[in-house]
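What follows is data.cif (mmCIF, C-alpha atoms).
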data_data
#
loop_
_atom_site.label_atom_id
_atom_site.label_comp_id
_atom_site.auth_asym_id
_atom_site.auth_seq_id
_atom_site.Cartn_x
_atom_site.Cartn_y
_atom_site.Cartn_z
CA MET A 352 19.21 -82.28 -58.66
CA ARG A 353 17.05 -79.15 -58.41
CA ILE A 354 19.92 -77.27 -56.78
CA LEU A 355 22.31 -78.27 -59.58
CA LEU A 356 19.75 -77.22 -62.22
CA THR A 357 19.19 -73.87 -60.50
CA LEU A 358 22.93 -73.22 -60.30
CA ALA A 359 23.31 -74.08 -63.98
CA LEU A 360 20.52 -71.66 -64.93
CA VAL A 361 22.02 -68.89 -62.78
CA SER A 362 25.47 -69.47 -64.33
CA THR A 363 23.98 -69.34 -67.82
CA ALA A 364 22.15 -66.10 -67.00
CA CYS A 365 25.31 -64.51 -65.62
CA ALA A 366 27.32 -65.58 -68.66
CA THR A 367 24.64 -64.08 -70.91
CA LEU A 368 24.71 -60.80 -69.01
CA ALA A 369 28.47 -60.60 -69.46
CA GLN A 370 28.19 -60.73 -73.25
CA VAL A 371 27.89 -57.78 -75.63
CA PRO A 372 24.19 -56.76 -75.54
CA MET A 373 22.09 -57.79 -78.52
CA PRO A 374 21.47 -54.96 -81.01
CA THR A 375 17.99 -53.50 -80.65
CA PRO A 376 15.39 -53.71 -83.44
CA PRO A 377 14.21 -50.63 -85.38
CA GLN A 378 11.96 -48.14 -83.61
CA SER A 379 8.36 -49.38 -83.68
CA LYS A 380 6.50 -46.62 -81.81
CA PRO A 381 6.86 -42.82 -81.67
CA VAL A 382 8.74 -41.58 -78.59
CA LEU A 383 8.34 -38.26 -76.78
CA ILE A 384 10.88 -37.04 -74.20
CA THR A 385 9.66 -34.18 -72.01
CA GLY A 386 11.02 -31.96 -69.28
CA ALA A 387 14.75 -32.26 -70.04
CA THR A 388 17.15 -29.42 -70.77
CA LEU A 389 17.96 -29.80 -74.47
CA HIS A 390 21.53 -29.17 -75.64
CA VAL A 391 21.10 -28.99 -79.41
CA GLY A 392 24.82 -29.33 -80.18
CA ASN A 393 25.18 -26.05 -82.10
CA GLY A 394 25.36 -23.84 -79.01
CA THR A 395 21.62 -23.62 -78.38
CA VAL A 396 20.19 -24.68 -75.01
CA VAL A 397 16.44 -25.18 -74.51
CA PRO A 398 15.18 -25.60 -70.92
CA ASN A 399 12.02 -27.64 -70.35
CA ALA A 400 12.18 -29.07 -73.85
CA ALA A 401 10.24 -31.67 -75.78
CA VAL A 402 11.90 -34.01 -78.25
CA ALA A 403 9.83 -36.38 -80.40
CA PHE A 404 10.99 -38.95 -82.91
CA ASP A 405 9.48 -41.65 -85.08
CA LYS A 406 11.05 -44.25 -87.39
CA GLY A 407 14.47 -43.08 -86.27
CA ARG A 408 14.05 -39.41 -87.25
CA LEU A 409 13.39 -36.35 -85.09
CA THR A 410 9.93 -34.91 -85.68
CA TYR A 411 10.20 -32.15 -83.06
CA ALA A 412 12.98 -30.68 -80.91
CA GLY A 413 12.24 -27.46 -79.06
CA PRO A 414 10.34 -25.90 -76.16
CA ALA A 415 7.73 -28.15 -74.58
CA ALA A 416 5.11 -25.44 -75.07
CA GLY A 417 5.62 -25.65 -78.83
CA PHE A 418 4.76 -29.35 -79.08
CA THR A 419 1.07 -29.42 -79.99
CA ALA A 420 0.62 -32.93 -81.39
CA ASP A 421 -1.61 -35.47 -79.65
CA LYS A 422 0.55 -37.26 -77.10
CA GLY A 423 -1.73 -40.29 -77.01
CA GLY A 424 0.18 -42.29 -79.61
CA TYR A 425 3.61 -41.68 -78.08
CA GLU A 426 5.72 -43.60 -75.62
CA THR A 427 6.36 -40.74 -73.22
CA ILE A 428 9.54 -40.43 -71.16
CA ASP A 429 9.47 -37.92 -68.30
CA ALA A 430 13.04 -36.60 -68.16
CA THR A 431 12.45 -33.72 -65.77
CA GLY A 432 15.74 -32.59 -64.25
CA GLN A 433 17.86 -34.44 -66.81
CA GLN A 434 20.09 -33.19 -69.65
CA LEU A 435 19.52 -34.24 -73.27
CA TYR A 436 22.45 -34.28 -75.73
CA PRO A 437 23.26 -35.49 -79.25
CA GLY A 438 25.19 -38.76 -79.26
CA LEU A 439 28.92 -38.06 -78.98
CA ILE A 440 31.12 -38.82 -82.01
CA LEU A 441 34.61 -40.30 -81.57
CA PRO A 442 37.02 -39.51 -84.45
CA ASN A 443 40.36 -41.12 -85.34
CA THR A 444 40.05 -44.22 -83.19
CA THR A 445 41.04 -47.88 -83.14
CA LEU A 446 37.76 -48.77 -81.43
CA GLY A 447 36.51 -52.01 -82.95
CA LEU A 448 39.91 -52.70 -84.50
CA THR A 449 41.78 -53.46 -81.27
CA GLU A 450 40.51 -55.49 -78.33
CA VAL A 451 43.51 -56.29 -76.08
CA GLU A 452 46.58 -54.34 -77.12
CA SER A 453 49.00 -56.87 -75.60
CA ILE A 454 47.46 -59.78 -77.55
CA ARG A 455 48.46 -59.55 -81.20
CA ALA A 456 45.61 -61.77 -82.44
CA THR A 457 43.06 -59.19 -81.25
CA VAL A 458 44.75 -56.24 -82.98
CA ASP A 459 43.70 -55.58 -86.58
CA GLU A 460 44.51 -51.92 -87.13
CA GLU A 461 47.54 -52.03 -89.46
CA GLU A 462 48.59 -53.56 -92.77
CA VAL A 463 52.09 -54.39 -93.98
CA GLY A 464 53.66 -51.77 -96.24
CA MET A 465 54.02 -48.00 -96.36
CA LEU A 466 51.46 -47.00 -99.00
CA ASN A 467 48.08 -48.70 -98.56
CA PRO A 468 45.38 -46.30 -99.84
CA ASN A 469 43.09 -49.21 -100.74
CA VAL A 470 42.98 -50.56 -97.16
CA ARG A 471 39.51 -50.20 -95.58
CA ALA A 472 39.25 -50.13 -91.79
CA LEU A 473 35.52 -50.73 -92.10
CA ILE A 474 35.75 -54.40 -93.03
CA ALA A 475 37.92 -55.09 -89.96
CA TYR A 476 35.50 -53.35 -87.59
CA ASN A 477 34.34 -55.78 -84.89
CA THR A 478 30.78 -55.16 -83.71
CA ASP A 479 31.19 -57.85 -81.02
CA SER A 480 33.95 -56.00 -79.21
CA ASP A 481 33.54 -56.02 -75.42
CA ILE A 482 34.78 -52.42 -75.39
CA LEU A 483 31.88 -50.97 -77.38
CA PRO A 484 29.29 -51.15 -74.56
CA THR A 485 31.72 -49.50 -72.12
CA VAL A 486 32.05 -46.56 -74.52
CA ARG A 487 28.31 -46.19 -75.13
CA ILE A 488 27.59 -45.90 -71.43
CA ASN A 489 29.37 -42.51 -71.40
CA GLY A 490 27.44 -41.19 -74.39
CA VAL A 491 29.69 -42.10 -77.34
CA LEU A 492 27.34 -43.48 -80.01
CA LEU A 493 29.26 -42.94 -83.27
CA ALA A 494 32.92 -43.51 -84.09
CA GLN A 495 35.44 -43.32 -86.92
CA PRO A 496 37.54 -46.53 -86.96
CA THR A 497 40.86 -45.49 -88.47
CA PRO A 498 43.78 -47.60 -89.76
CA ARG A 499 47.30 -47.10 -88.44
CA GLY A 500 50.80 -47.72 -89.73
CA GLY A 501 53.02 -46.76 -92.65
CA LEU A 502 52.79 -43.45 -94.51
CA LEU A 503 49.40 -43.86 -96.14
CA ALA A 504 47.50 -46.11 -93.75
CA GLY A 505 44.24 -46.34 -95.68
CA GLN A 506 40.62 -45.32 -95.32
CA SER A 507 38.53 -44.67 -92.23
CA SER A 508 34.74 -44.97 -92.02
CA VAL A 509 32.00 -43.69 -89.72
CA VAL A 510 29.94 -46.27 -87.81
CA GLN A 511 27.21 -46.36 -85.19
CA LEU A 512 27.90 -48.51 -82.14
CA ASP A 513 24.90 -50.86 -82.00
CA ALA A 514 24.92 -53.33 -84.88
CA TRP A 515 25.11 -57.01 -85.82
CA ASN A 516 27.98 -56.56 -88.28
CA TRP A 517 29.98 -53.87 -90.06
CA GLN A 518 27.47 -53.72 -92.89
CA ASP A 519 24.72 -52.77 -90.41
CA ALA A 520 27.02 -50.41 -88.50
CA VAL A 521 28.20 -48.24 -91.38
CA VAL A 522 27.02 -44.62 -91.43
CA ARG A 523 29.49 -43.43 -94.05
CA ALA A 524 31.90 -45.79 -95.74
CA ASP A 525 35.44 -44.69 -96.60
CA ASP A 526 35.08 -41.03 -95.60
CA GLY A 527 38.77 -40.23 -95.99
CA GLN A 528 42.42 -41.25 -96.40
CA HIS A 529 44.92 -41.07 -93.53
CA LEU A 530 48.44 -39.87 -94.28
CA THR A 531 51.10 -39.75 -91.57
CA TRP A 532 53.39 -36.94 -92.65
CA PRO A 533 57.10 -37.91 -92.66
CA ALA A 534 58.75 -36.31 -89.65
CA MET A 535 61.23 -33.52 -90.31
CA VAL A 536 64.84 -34.48 -89.59
CA PHE A 537 66.59 -32.85 -86.61
CA ARG A 538 69.76 -33.72 -84.71
CA ASN A 539 68.14 -34.65 -81.41
CA ASN A 540 71.11 -36.74 -80.33
CA PRO A 541 74.33 -34.69 -80.10
CA ASN A 542 76.32 -37.89 -80.66
CA GLU A 543 74.71 -38.53 -84.06
CA ASP A 544 77.28 -38.00 -86.81
CA ALA A 545 76.68 -36.17 -90.09
CA ALA A 546 76.49 -39.40 -92.10
CA ALA A 547 73.64 -40.79 -89.97
CA LEU A 548 71.78 -37.48 -90.14
CA ASP A 549 72.17 -37.38 -93.91
CA LYS A 550 70.90 -40.95 -94.18
CA ARG A 551 67.71 -40.06 -92.31
CA GLN A 552 67.22 -36.97 -94.47
CA LYS A 553 67.57 -39.00 -97.69
CA ALA A 554 65.10 -41.58 -96.38
CA ARG A 555 62.59 -38.80 -95.76
CA GLU A 556 63.11 -37.35 -99.23
CA THR A 557 62.46 -40.79 -100.70
CA GLN A 558 59.19 -41.04 -98.78
CA LEU A 559 58.08 -37.62 -100.04
CA ARG A 560 58.91 -38.57 -103.64
CA ASP A 561 56.94 -41.81 -103.29
CA LEU A 562 53.93 -39.90 -101.97
CA GLU A 563 54.09 -37.32 -104.74
CA GLN A 564 54.37 -40.02 -107.40
CA LEU A 565 51.41 -41.97 -105.98
CA PHE A 566 49.14 -38.92 -105.77
CA GLY A 567 50.18 -37.79 -109.23
CA GLU A 568 49.40 -41.20 -110.71
CA ALA A 569 46.05 -41.30 -108.89
CA ASN A 570 45.05 -37.88 -110.23
CA ALA A 571 45.98 -38.94 -113.78
CA TYR A 572 44.21 -42.30 -113.40
CA ARG A 573 40.86 -40.76 -112.49
CA GLN A 574 40.93 -38.67 -115.67
CA LEU A 575 41.33 -41.71 -117.93
CA PRO A 576 38.27 -42.62 -120.06
CA ALA A 577 35.81 -45.30 -119.03
CA GLY A 578 36.94 -48.86 -119.66
CA ARG A 579 40.40 -48.29 -118.20
CA LYS A 580 42.12 -51.18 -116.48
CA GLU A 581 41.07 -51.26 -112.83
CA ASN A 582 43.67 -50.21 -110.26
CA LEU A 583 42.31 -50.37 -106.71
CA ARG A 584 45.19 -48.41 -105.15
CA LEU A 585 44.76 -45.46 -107.50
CA ALA A 586 40.96 -45.61 -107.64
CA SER A 587 40.74 -45.39 -103.83
CA LEU A 588 42.40 -41.96 -103.95
CA ALA A 589 40.01 -40.43 -106.49
CA GLY A 590 37.72 -38.93 -103.83
CA ILE A 591 40.57 -36.78 -102.54
CA PHE A 592 40.60 -34.81 -105.80
CA ASP A 593 36.84 -34.37 -106.27
CA GLY A 594 36.10 -33.47 -102.65
CA SER A 595 34.05 -36.55 -101.81
CA LYS A 596 36.71 -37.71 -99.32
CA THR A 597 38.86 -35.90 -96.78
CA LEU A 598 42.63 -36.17 -96.68
CA TYR A 599 43.55 -36.51 -93.00
CA LEU A 600 47.13 -35.36 -92.43
CA HIS A 601 48.62 -36.69 -89.19
CA ALA A 602 51.21 -34.12 -88.13
CA ASP A 603 52.18 -32.36 -84.88
CA TYR A 604 55.02 -29.86 -85.40
CA GLY A 605 54.14 -26.45 -86.81
CA LYS A 606 56.50 -26.69 -89.80
CA GLU A 607 55.26 -30.19 -90.58
CA ILE A 608 51.65 -28.98 -90.53
CA ILE A 609 52.45 -26.20 -93.02
CA GLU A 610 54.49 -28.51 -95.24
CA ALA A 611 51.81 -31.23 -95.25
CA VAL A 612 48.95 -28.84 -96.04
CA ARG A 613 50.89 -27.17 -98.86
CA PHE A 614 51.72 -30.60 -100.29
CA ALA A 615 48.06 -31.63 -100.22
CA LYS A 616 46.82 -28.38 -101.77
CA ARG A 617 49.48 -28.43 -104.49
CA LEU A 618 48.52 -31.94 -105.54
CA GLY A 619 44.81 -31.09 -105.72
CA ALA A 620 43.28 -32.30 -102.44
CA GLN A 621 39.95 -30.51 -101.96
CA LYS A 622 39.21 -31.25 -98.29
CA VAL A 623 42.07 -31.35 -95.79
CA ALA A 624 42.10 -31.95 -92.03
CA VAL A 625 45.12 -32.08 -89.73
CA VAL A 626 45.08 -34.79 -87.05
CA GLY A 627 47.09 -34.52 -83.84
CA ALA A 628 48.14 -30.91 -84.46
CA ARG A 629 49.89 -30.34 -81.12
CA ASP A 630 51.51 -27.18 -82.54
CA ALA A 631 48.36 -25.86 -84.22
CA TRP A 632 48.49 -22.82 -81.92
CA MET A 633 51.61 -21.70 -83.79
CA VAL A 634 49.94 -21.73 -87.23
CA LEU A 635 46.40 -20.54 -86.51
CA ASP A 636 46.33 -17.93 -89.29
CA PHE A 637 47.67 -20.45 -91.81
CA LEU A 638 44.99 -23.01 -90.89
CA LYS A 639 42.23 -20.41 -91.11
CA GLN A 640 43.40 -19.02 -94.46
CA ASN A 641 43.61 -22.49 -96.00
CA ASP A 642 40.25 -23.66 -94.60
CA VAL A 643 41.86 -26.61 -92.80
CA SER A 644 39.96 -28.48 -90.10
CA VAL A 645 41.78 -29.82 -87.06
CA VAL A 646 41.26 -33.06 -85.13
CA VAL A 647 42.92 -32.34 -81.79
CA SER A 648 44.37 -35.45 -80.18
CA ARG A 649 44.02 -36.07 -76.48
CA ILE A 650 44.71 -32.84 -74.62
CA HIS A 651 45.65 -34.58 -71.36
CA ALA A 652 49.36 -34.31 -72.15
CA LEU A 653 52.55 -32.57 -71.15
CA PRO A 654 53.82 -29.58 -73.16
CA ARG A 655 56.09 -30.49 -76.08
CA ARG A 656 58.89 -28.12 -75.05
CA ASP A 657 60.31 -26.82 -71.80
CA ALA A 658 59.54 -23.25 -72.88
CA ASP A 659 55.85 -23.94 -73.62
CA ASP A 660 53.16 -22.92 -71.14
CA TYR A 661 52.38 -25.73 -68.70
CA ASP A 662 48.75 -25.73 -69.83
CA GLN A 663 49.36 -25.43 -73.57
CA PRO A 664 47.79 -28.79 -74.51
CA TYR A 665 44.74 -28.01 -72.38
CA LYS A 666 44.06 -24.58 -73.85
CA LEU A 667 44.65 -25.49 -77.50
CA PRO A 668 40.89 -26.00 -78.18
CA ALA A 669 40.13 -22.51 -76.87
CA GLN A 670 42.86 -21.05 -79.07
CA LEU A 671 41.41 -22.77 -82.14
CA GLN A 672 37.94 -21.57 -81.20
CA ALA A 673 39.10 -17.96 -80.82
CA ALA A 674 40.87 -18.10 -84.20
CA GLY A 675 37.77 -19.40 -85.98
CA VAL A 676 39.36 -22.72 -86.97
CA ARG A 677 36.97 -25.67 -87.15
CA PHE A 678 38.14 -28.40 -84.78
CA CYS A 679 36.99 -31.49 -82.94
CA LEU A 680 38.46 -33.65 -80.17
CA ASP A 681 39.66 -37.25 -80.26
CA TYR A 682 41.25 -39.67 -77.79
CA GLN A 683 44.34 -40.89 -79.64
CA GLY A 684 47.28 -41.98 -77.51
CA ASP A 685 48.19 -44.69 -75.00
CA GLN A 686 45.28 -47.02 -74.21
CA GLU A 687 43.21 -45.11 -76.76
CA THR A 688 40.75 -47.93 -77.46
CA ALA A 689 39.62 -48.65 -73.91
CA GLY A 690 40.15 -45.04 -72.81
CA SER A 691 37.95 -43.61 -75.54
CA ARG A 692 34.97 -43.82 -73.19
CA ASN A 693 36.50 -40.71 -71.57
CA LEU A 694 35.93 -38.54 -74.66
CA ALA A 695 33.28 -36.50 -72.86
CA PHE A 696 35.69 -35.71 -70.05
CA ILE A 697 38.36 -34.51 -72.49
CA ALA A 698 35.77 -31.99 -73.65
CA GLY A 699 35.08 -31.17 -70.01
CA THR A 700 38.75 -30.38 -69.46
CA ALA A 701 38.65 -27.95 -72.38
CA VAL A 702 35.81 -26.12 -70.58
CA ASN A 703 38.12 -25.39 -67.66
CA PHE A 704 40.70 -23.94 -70.06
CA GLY A 705 38.69 -21.47 -72.10
CA LEU A 706 35.79 -23.11 -73.93
CA THR A 707 32.17 -22.74 -72.89
CA LYS A 708 30.26 -25.93 -72.17
CA GLU A 709 28.31 -25.66 -75.41
CA GLN A 710 31.47 -25.02 -77.45
CA ALA A 711 33.05 -28.11 -75.92
CA LEU A 712 29.92 -30.14 -76.67
CA THR A 713 30.01 -28.95 -80.28
CA ALA A 714 33.62 -30.21 -80.50
CA VAL A 715 32.45 -33.78 -79.84
CA THR A 716 29.15 -33.66 -81.76
CA LEU A 717 28.58 -31.19 -84.60
CA THR A 718 32.14 -30.43 -85.74
CA PRO A 719 33.28 -34.07 -86.02
CA ALA A 720 30.09 -34.72 -87.98
CA GLN A 721 30.93 -31.82 -90.29
CA ILE A 722 34.54 -32.93 -90.78
CA MET A 723 33.43 -36.50 -91.55
CA GLY A 724 30.59 -35.38 -93.80
CA VAL A 725 27.68 -36.83 -91.78
CA ASP A 726 26.28 -33.58 -90.36
CA LYS A 727 23.09 -33.77 -92.44
CA ASP A 728 21.97 -36.61 -90.18
CA TYR A 729 24.07 -36.44 -87.02
CA GLY A 730 25.77 -33.98 -84.69
CA THR A 731 22.78 -31.89 -83.57
CA LEU A 732 19.24 -32.53 -82.36
CA GLU A 733 17.16 -30.78 -85.01
CA THR A 734 13.95 -31.74 -86.78
CA GLY A 735 14.59 -34.18 -89.61
CA LYS A 736 17.89 -35.49 -88.32
CA SER A 737 18.63 -38.91 -86.84
CA ALA A 738 17.29 -39.54 -83.35
CA THR A 739 20.74 -40.39 -81.97
CA LEU A 740 20.77 -38.92 -78.49
CA VAL A 741 21.75 -39.33 -74.86
CA LEU A 742 19.90 -38.61 -71.63
CA SER A 743 22.05 -37.93 -68.57
CA LYS A 744 21.03 -37.25 -64.99
CA GLY A 745 23.89 -34.76 -64.73
CA ASP A 746 26.40 -32.85 -66.86
CA LEU A 747 27.60 -35.29 -69.53
CA LEU A 748 31.02 -33.59 -69.74
CA ASP A 749 31.70 -33.78 -66.00
CA MET A 750 32.93 -37.13 -64.68
CA ARG A 751 31.47 -36.31 -61.27
CA THR A 752 27.89 -36.00 -62.52
CA ASN A 753 27.86 -37.90 -65.84
CA ALA A 754 25.15 -40.55 -65.44
CA VAL A 755 23.63 -41.71 -68.70
CA SER A 756 20.12 -43.05 -68.08
CA ARG A 757 18.96 -43.66 -71.69
CA ALA A 758 20.57 -43.68 -75.11
CA PHE A 759 19.07 -43.94 -78.59
CA ILE A 760 20.73 -44.66 -81.94
CA ASP A 761 18.54 -43.89 -84.96
CA GLY A 762 15.54 -43.98 -82.63
CA ARG A 763 16.41 -47.38 -81.14
CA SER A 764 16.67 -47.51 -77.35
CA ILE A 765 20.00 -49.28 -76.87
CA SER A 766 21.16 -51.32 -73.90
CA LEU A 767 23.52 -49.64 -71.43
CA ASP A 768 24.70 -52.94 -69.99
CA SER A 769 28.33 -53.95 -70.37
CA LYS A 770 30.87 -56.33 -68.89
CA GLN A 771 31.75 -53.62 -66.38
CA THR A 772 28.18 -53.02 -65.22
CA TYR A 773 27.74 -56.80 -64.91
CA LEU A 774 30.87 -57.06 -62.74
CA GLU A 775 29.68 -54.12 -60.65
CA LYS A 776 26.38 -55.91 -59.92
CA LYS A 777 28.19 -59.18 -59.27
CA PHE A 778 30.55 -57.82 -56.64
CA ARG A 779 27.99 -55.50 -55.04
CA SER A 780 25.94 -58.64 -54.52
CA LYS A 781 28.94 -60.47 -53.05
CA TYR A 782 29.59 -57.78 -50.47
CA GLY A 783 25.96 -57.05 -49.77
CA GLN A 784 25.88 -53.48 -51.10
#
Structure re-expressed in structure tokens:
Amino acid sequence: MRILLTLALVSTACATLAQVPMPTPPQSKPVLITGATLHVGNGTVVPNAAVAFDKGRLTYAGPAAGFTADKGGYETIDATGQQLYPGLILPNTTLGLTEVESIRATVDEEEVGMLNPNVRALIAYNTDSDILPTVRINGVLLAQPTPRGGLLAGQSSVVQLDAWNWQDAVVRADDGQHLTWPAMVFRNNPNEDAAALDKRQKARETQLRDLEQLFGEANAYRQLPAGRKENLRLASLAGIFDGSKTLYLHADYGKEIIEAVRFAKRLGAQKVAVVGARDAWMVLDFLKQNDVSVVVSRIHALPRRDADDYDQPYKLPAQLQAAGVRFCLDYQGDQETAGSRNLAFIAGTAVNFGLTKEQALTAVTLTPAQIMGVDKDYGTLETGKSATLVLSKGDLLDMRTNAVSRAFIDGRSISLDSKQTYLEKKFRSKYGQ
């Protein structure tokens, strides 16, 4: 009987370990991290640093010699030899919206219809996703769950990755609208006849007219006096015209990027960002002149054309950096939800193709925070900002040395356990390692 009871308890413990870790309570005691090399996130590196935080906010971040407060009341962490970074920020993702891509019931990233500006990805965000802990273990602590599908997919939001529910997770609700620009029509198939080509062209023109009508109606609606009849579709677009929300234009080809940006500017959009932007290197001056930010999709890709340089996708971040265009990196593409834990290594690839390590770090910390409008609290480790940070025993951007030892979200020391770490322990035990 004792043996059966013991086995039952062990099974229960193992099952518990395999679950998503419980969110941690608010910070209850000041914390001081000493001895680490501090990577602020804005290009500044401080060796032998001290970082202190209390009630979720940074109270000091700088050289250890400059910290003069009494250390007696602090929980002190000796991080000598380690690297300290801001928590990484993952833009344009289906994290929390998709669990198993091959099982339809676990996919909640898309609504029916072509024009859905009132759709909110935030309320579909699943804080119990098994994928979240596997992403945190590589330093990703904030994300931007983003809807997919149709022309105007809806609104993204910014969340932190340790919460009981979406209400607790939200950092910034409904930060922007996501518009997939209608693809330009080309005869890619030599067997396509003129009638079929013309049909596709007319379909595109219809989509552009529908978009222009919707944005025009939304701009007129927001100028109506108080007491107007509520229209959720039109009201959800109001922030595009007053600058409180960003219009994210998903486009890849150079001509499409120019066309989409001109459309947005003509209709009154105040803040515009291009997502994907595989051909951004062709329109650098245009992007700079129009103050357009760029969210570069996964750079581990083949060139778009036979005549392109073999390394064009890899060196695009360096080209944007040299041109003075604000950009950040995402992980959109095949297996984007589960693969998003590799965001840091995408940045590491960009280092080998022209960026410095600190520029690459900025592209996954400060600049996504700026584009999403959360940089007052996140993106860098500076006094007064949120204590959302990562300690690594090696270079966070290098898959060979990345080894996150501690992570904090708003000052809370979060668990780094996941289903994968549980399975690792399980099978190491089985084989005696």
For A:Ala430, which residue out of A:Ser743, A:Gln518, A:Gly386, A:Phe759 is the nearest one, using only C-alpha atoms? A:Gly386
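Considering the residues A:Thr395, A:Ser648, A:Ser737, A:Asn469 and counting all atoms listed in the file, A:Leu585 has its shortest atom-to-atom contact with A:Asn469.
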May I have the residues within 10 Å of A:Asn753 as a VMD selection string, using all atoms listed in the file and disregarding those fewer than 5 positions away in the same chain? chain A and resid 434 488 to 490 695 to 696 742 to 748
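When atom CA of A:Gly500 is paired with atom CA of A:Thr449, their separation reads 13.6 Å.
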Using the chain letters and numbers from this file, what does the PyMOL selection byres ((chain A and resi 387) around 10) select? Give the answer as an NGL selection string. :A and (384-386 or 388-390 or 397-402 or 414-415 or 428-436 or 742-744)
Residue by residue, what does the PyMOL selection byres ((chain A and resi 652-657) around 12) grab here? Present the result as a PDB file with C-alpha atoms, in the frame of the given file.
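Final output, saved to selection-v1.pdb:
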ATOM      1  CA  ASP A 603      52.180 -32.360 -84.880  1.00  0.00           C
ATOM      2  CA  TYR A 604      55.020 -29.860 -85.400  1.00  0.00           C
ATOM      3  CA  GLY A 605      54.140 -26.450 -86.810  1.00  0.00           C
ATOM      4  CA  GLY A 627      47.090 -34.520 -83.840  1.00  0.00           C
ATOM      5  CA  ALA A 628      48.140 -30.910 -84.460  1.00  0.00           C
ATOM      6  CA  ARG A 629      49.890 -30.340 -81.120  1.00  0.00           C
ATOM      7  CA  ASP A 630      51.510 -27.180 -82.540  1.00  0.00           C
ATOM      8  CA  VAL A 647      42.920 -32.340 -81.790  1.00  0.00           C
ATOM      9  CA  SER A 648      44.370 -35.450 -80.180  1.00  0.00           C
ATOM     10  CA  ARG A 649      44.020 -36.070 -76.480  1.00  0.00           C
ATOM     11  CA  ILE A 650      44.710 -32.840 -74.620  1.00  0.00           C
ATOM     12  CA  HIS A 651      45.650 -34.580 -71.360  1.00  0.00           C
ATOM     13  CA  ALA A 658      59.540 -23.250 -72.880  1.00  0.00           C
ATOM     14  CA  ASP A 659      55.850 -23.940 -73.620  1.00  0.00           C
ATOM     15  CA  ASP A 660      53.160 -22.920 -71.140  1.00  0.00           C
ATOM     16  CA  TYR A 661      52.380 -25.730 -68.700  1.00  0.00           C
ATOM     17  CA  ASP A 662      48.750 -25.730 -69.830  1.00  0.00           C
ATOM     18  CA  GLN A 663      49.360 -25.430 -73.570  1.00  0.00           C
ATOM     19  CA  PRO A 664      47.790 -28.790 -74.510  1.00  0.00           C
ATOM     20  CA  TYR A 665      44.740 -28.010 -72.380  1.00  0.00           C
ATOM     21  CA  LYS A 666      44.060 -24.580 -73.850  1.00  0.00           C
ATOM     22  CA  LEU A 667      44.650 -25.490 -77.500  1.00  0.00           C
ATOM     23  CA  TYR A 682      41.250 -39.670 -77.790  1.00  0.00           C
ATOM     24  CA  GLN A 683      44.340 -40.890 -79.640  1.00  0.00           C
ATOM     25  CA  GLY A 684      47.280 -41.980 -77.510  1.00  0.00           C
ATOM     26  CA  ASP A 685      48.190 -44.690 -75.000  1.00  0.00           C
ATOM     27  CA  ILE A 697      38.360 -34.510 -72.490  1.00  0.00           C
ATOM     28  CA  THR A 700      38.750 -30.380 -69.460  1.00  0.00           C
TER      29      THR A 700
END
Residue by residue, what does the PyMOL selection byres ((chain A and resi 673) around 12) grab here? Present the result as an MDAnalysis selection string. chainID A and resid 632 635:636 639 666:672 674:678 705:707 710
